[in-house]
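A.B. asks: Dropping in upload-v3.txt, with compact mmCIF, C-alpha atoms.
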# COMPACT_ATOMS: atom_id res chain seq x y z
CA MET A 1 -76.86 -11.68 -0.53
CA ILE A 2 -73.60 -12.46 -2.28
CA CYS A 3 -70.81 -10.01 -1.53
CA THR A 4 -67.24 -10.46 -2.70
CA VAL A 5 -64.76 -7.60 -2.50
CA LEU A 6 -61.49 -7.81 -4.40
CA PRO A 7 -59.01 -4.92 -4.07
CA GLY A 8 -58.54 -3.23 -7.42
CA GLY A 9 -61.10 -5.50 -9.09
CA PRO A 10 -64.86 -5.71 -9.28
CA THR A 11 -66.95 -6.88 -6.38
CA VAL A 12 -70.14 -8.78 -7.02
CA LEU A 13 -73.11 -7.89 -4.86
CA SER A 14 -76.35 -9.71 -5.52
CA ARG A 15 -79.46 -8.76 -3.63
CA HIS A 16 -83.14 -9.44 -3.56
CA PRO A 17 -85.01 -6.33 -4.75
CA ILE A 18 -86.62 -5.65 -1.35
CA GLU A 19 -83.49 -6.05 0.78
CA ARG A 20 -81.66 -3.06 2.23
CA ALA A 21 -78.36 -2.15 0.65
CA PRO A 22 -75.54 -4.03 2.41
CA GLU A 23 -72.66 -2.48 4.28
CA VAL A 24 -69.66 -2.71 2.01
CA HIS A 25 -66.49 -3.31 3.97
CA CYS A 26 -63.26 -1.82 2.69
CA PRO A 27 -61.06 -4.61 1.26
CA PHE A 28 -57.94 -2.77 2.45
CA CYS A 29 -58.60 -1.72 6.07
CA HIS A 30 -61.88 -3.63 6.65
CA HIS A 31 -63.73 -0.49 7.76
CA ASN A 32 -67.48 -1.26 7.73
CA ASP A 33 -68.55 1.64 5.55
CA SER A 34 -67.79 3.22 2.18
CA ARG A 35 -68.90 6.19 0.13
CA VAL A 36 -70.12 5.83 -3.47
CA VAL A 37 -68.05 8.09 -5.74
CA ASP A 38 -69.49 7.04 -9.12
CA SER A 39 -72.27 4.72 -10.40
CA ARG A 40 -72.74 3.43 -13.93
CA VAL A 41 -75.28 1.06 -15.46
CA GLN A 42 -73.73 -1.95 -17.26
CA ASP A 43 -74.88 -5.03 -19.18
CA GLU A 44 -77.93 -3.34 -20.67
CA GLY A 45 -79.23 -2.38 -17.25
CA LEU A 46 -78.68 -5.76 -15.58
CA SER A 47 -75.94 -4.50 -13.28
CA ILE A 48 -74.59 -1.34 -11.69
CA ARG A 49 -70.87 -0.62 -11.36
CA ARG A 50 -70.04 1.54 -8.37
CA ARG A 51 -66.72 3.19 -7.56
CA ARG A 52 -66.40 3.47 -3.77
CA GLU A 53 -64.07 5.22 -1.36
CA CYS A 54 -63.31 4.18 2.20
CA PRO A 55 -63.71 7.11 4.65
CA GLU A 56 -61.10 5.54 6.93
CA CYS A 57 -58.10 4.83 4.66
CA LEU A 58 -59.32 6.89 1.63
CA ARG A 59 -58.54 4.06 -0.81
CA ARG A 60 -60.92 3.31 -3.68
CA PHE A 61 -62.41 0.04 -4.91
CA THR A 62 -65.11 -1.14 -7.32
CA THR A 63 -68.32 -3.09 -6.74
CA VAL A 64 -70.77 -4.52 -9.24
CA GLU A 65 -74.38 -5.03 -8.13
CA THR A 66 -76.66 -7.42 -9.98
CA ALA A 67 -80.20 -8.61 -9.36
CA THR A 68 -80.17 -12.34 -8.71
CA LEU A 69 -82.83 -14.54 -10.29
CA MET A 70 -83.43 -17.63 -8.17
CA VAL A 71 -84.84 -20.95 -9.37
CA LYS A 72 -86.93 -23.28 -7.22
CA LYS A 73 -86.47 -26.85 -8.40
CA ARG A 74 -89.06 -29.62 -8.04
CA SER A 75 -87.12 -31.00 -5.08
CA GLY A 76 -87.55 -27.68 -3.26
CA VAL A 77 -83.89 -26.72 -3.63
CA ILE A 78 -83.34 -23.07 -4.52
CA GLU A 79 -80.36 -22.03 -6.65
CA SER A 80 -79.23 -19.15 -8.84
CA PHE A 81 -80.44 -19.00 -12.44
CA SER A 82 -77.83 -20.12 -14.94
CA ARG A 83 -77.87 -19.52 -18.68
CA ASP A 84 -75.32 -22.33 -18.97
CA LYS A 85 -77.91 -24.81 -17.68
CA ILE A 86 -80.39 -23.62 -20.29
CA VAL A 87 -77.78 -24.08 -23.03
CA ALA A 88 -76.77 -27.53 -21.73
CA GLY A 89 -80.38 -28.75 -21.60
CA VAL A 90 -81.27 -27.44 -25.03
CA ARG A 91 -77.97 -28.58 -26.58
CA LYS A 92 -79.02 -32.22 -26.10
CA ALA A 93 -82.21 -31.59 -28.07
CA CYS A 94 -80.19 -29.85 -30.80
CA GLN A 95 -77.67 -32.67 -31.36
CA GLY A 96 -77.20 -33.23 -35.06
CA ARG A 97 -79.22 -30.13 -35.94
CA PRO A 98 -77.88 -26.99 -37.68
CA VAL A 99 -77.85 -24.96 -34.45
CA SER A 100 -74.70 -23.08 -33.43
CA ASP A 101 -73.40 -22.22 -29.98
CA ALA A 102 -74.23 -18.58 -30.74
CA ASP A 103 -77.84 -19.61 -31.47
CA LEU A 104 -78.03 -21.42 -28.12
CA ALA A 105 -76.53 -18.45 -26.27
CA LEU A 106 -79.10 -16.14 -27.87
CA LEU A 107 -81.90 -18.53 -26.92
CA ALA A 108 -80.69 -18.60 -23.29
CA GLN A 109 -80.55 -14.78 -23.30
CA LYS A 110 -84.13 -14.56 -24.62
CA VAL A 111 -85.33 -16.99 -21.95
CA GLU A 112 -83.58 -15.04 -19.18
CA GLU A 113 -84.97 -11.73 -20.44
CA SER A 114 -88.51 -13.11 -20.54
CA LEU A 115 -88.15 -14.46 -17.00
CA ARG A 116 -86.75 -11.17 -15.67
CA GLN A 117 -89.62 -9.26 -17.27
CA THR A 118 -92.02 -11.10 -14.96
CA GLY A 119 -90.51 -9.08 -12.09
CA VAL A 120 -90.39 -12.15 -9.88
CA ALA A 121 -87.15 -12.86 -7.99
CA GLN A 122 -87.81 -16.61 -7.61
CA ILE A 123 -89.10 -18.75 -10.46
CA ASP A 124 -90.17 -22.39 -10.52
CA SER A 125 -88.09 -24.58 -12.81
CA SER A 126 -91.28 -25.60 -14.65
CA VAL A 127 -91.78 -21.96 -15.70
CA ILE A 128 -88.27 -21.97 -17.17
CA GLY A 129 -89.02 -25.13 -19.15
CA THR A 130 -92.14 -23.49 -20.57
CA ALA A 131 -90.21 -20.30 -21.37
CA ILE A 132 -87.72 -22.35 -23.42
CA LEU A 133 -90.37 -23.89 -25.68
CA GLY A 134 -91.27 -20.74 -27.67
CA PRO A 135 -87.75 -19.59 -28.60
CA LEU A 136 -86.68 -23.18 -29.30
CA ARG A 137 -89.66 -23.69 -31.60
CA GLU A 138 -88.58 -20.61 -33.57
CA LEU A 139 -84.98 -21.80 -33.68
CA ASP A 140 -85.44 -25.42 -34.79
CA GLU A 141 -88.67 -27.41 -34.95
CA VAL A 142 -87.03 -30.84 -34.66
CA ALA A 143 -85.09 -29.74 -31.57
CA TYR A 144 -88.34 -28.29 -30.23
CA LEU A 145 -90.11 -31.64 -30.64
CA ARG A 146 -87.24 -33.46 -28.93
CA TYR A 147 -87.21 -31.03 -26.01
CA ALA A 148 -91.01 -30.90 -25.72
CA SER A 149 -91.24 -34.69 -25.74
CA VAL A 150 -89.07 -34.86 -22.61
CA TYR A 151 -90.23 -31.65 -20.90
CA SER A 152 -93.93 -32.17 -21.58
CA GLU A 153 -93.59 -35.90 -20.90
CA PHE A 154 -95.06 -37.20 -24.14
CA ASN A 155 -96.53 -40.61 -23.34
CA SER A 156 -97.90 -41.72 -26.69
CA LEU A 157 -97.68 -41.26 -30.42
CA GLU A 158 -100.75 -39.05 -30.16
CA ASP A 159 -98.76 -36.54 -28.12
CA PHE A 160 -96.18 -36.33 -30.94
CA GLU A 161 -98.93 -36.16 -33.57
CA ASP A 162 -100.60 -33.26 -31.72
CA ALA A 163 -97.32 -31.35 -31.50
CA ILE A 164 -96.57 -31.95 -35.19
CA ALA A 165 -100.11 -30.91 -36.16
CA SER A 166 -99.61 -27.67 -34.23
CA LEU A 167 -96.36 -27.01 -36.11
CA ARG A 168 -98.03 -27.71 -39.45
CA LEU A 169 -100.88 -25.38 -38.58
CA ASP A 170 -98.38 -22.60 -37.84
CA HIS A 171 -96.73 -23.15 -41.24
CA GLN A 172 -100.08 -22.89 -43.05
CA GLU A 173 -100.84 -19.58 -41.35
Starting from the coordinates I provided, produce the structure as structure tokens.

C.D. replies:
Amino acid sequence: MICTVLPGGPTVLSRHPIERAPEVHCPFCHHNDSRVVDSRVQDEGLSIRRRRECPECLRRFTTVETATLMVKKRSGVIESFSRDKIVAGVRKACQGRPVSDADLALLAQKVEESLRQTGVAQIDSSVIGTAILGPLRELDEVAYLRYASVYSEFNSLEDFEDAIASLRLDHQE
């Protein structure tokens, strides 16, 4: 659970879907309870903005609750999902290609949306790599081949030939 309360500004609460709602301490008097005055969905349903009031000092503050998507890396380390990491990894494959930063941001958004649709709170990094392949293939085939050659660990020319044959087959259809 990540909980940061800033007086007058938004608070970020991140929780696993099955956890109980946390106690939200008042940032002014530190009372351990608050009352929700107003709730609004934001970011296309990815977060909820809540206006809260402290029953002790009667001051109001804002919280923002978001569902956190966690990534389990090969090493076993678990960290928060980051679109920036998707963009950074794909950007290397797109060097010298006609792919804009906006294209990469959209690709990262598509990948995140597809991962969230699984309904799983913790995803293996290998699943993320696989989720990148489809949108990247649609975006730029050369960048796709570059990324796939590293991600899928191409070991021979036959691996490249198979990937290129698959691309050609898609173009014929």

A.B. asks: Given all atoms listed in the file as the basis, pick out the residue of A:Arg116, A:His30, A:His171, A:Arg60 nearest to Arg137 of chain A.

C.D. replies: A:His171

A.B. asks: Could you tell me which of A:Gln95, A:Thr130, A:Ser100, A:Ser114 comes closest to Ala143 of chain A if we count only C-alpha atoms?

C.D. replies: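 Smallest distance to Ala143 of chain A is found for A:Gln95.
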
A.B. asks: With only C-alpha atoms as the basis for distance, which of A:Glu44, A:Glu79, A:Asp38, A:Glu113 is at the shortest distance from Phe61 of chain A?

C.D. replies: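 Result for the nearest residue to Phe61 of chain A: A:Asp38.
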
A.B. asks: Skipping near chain neighbours, those fewer than 5 positions away, what residues fall within 7 Å of Ala108 of chain A using only C-alpha atoms, listed as JSON, numbers by chain?

C.D. replies: {"A": [83, 86, 87]}

A.B. asks: Atom CA of Gly89 of chain A and atom CA of Ala165 of chain A, how far apart in Å?

C.D. replies: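 If I compute the distance from atom CA of Ala165 of chain A to atom CA of Gly89 of chain A, I get 24.6 Å.
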
A.B. asks: Just give me the gap between atom CA of Leu46 of chain A and atom CA of Glu112 of chain A in Å, one decimal is fine.

C.D. replies: 11.1 Å

A.B. asks: What is the distance between atom CA of Phe154 of chain A and atom CA of Gly129 of chain A, in Å to one decimal?

C.D. replies: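 One can read the atom CA of Phe154 of chain A to atom CA of Gly129 of chain A distance as 14.4 Å.
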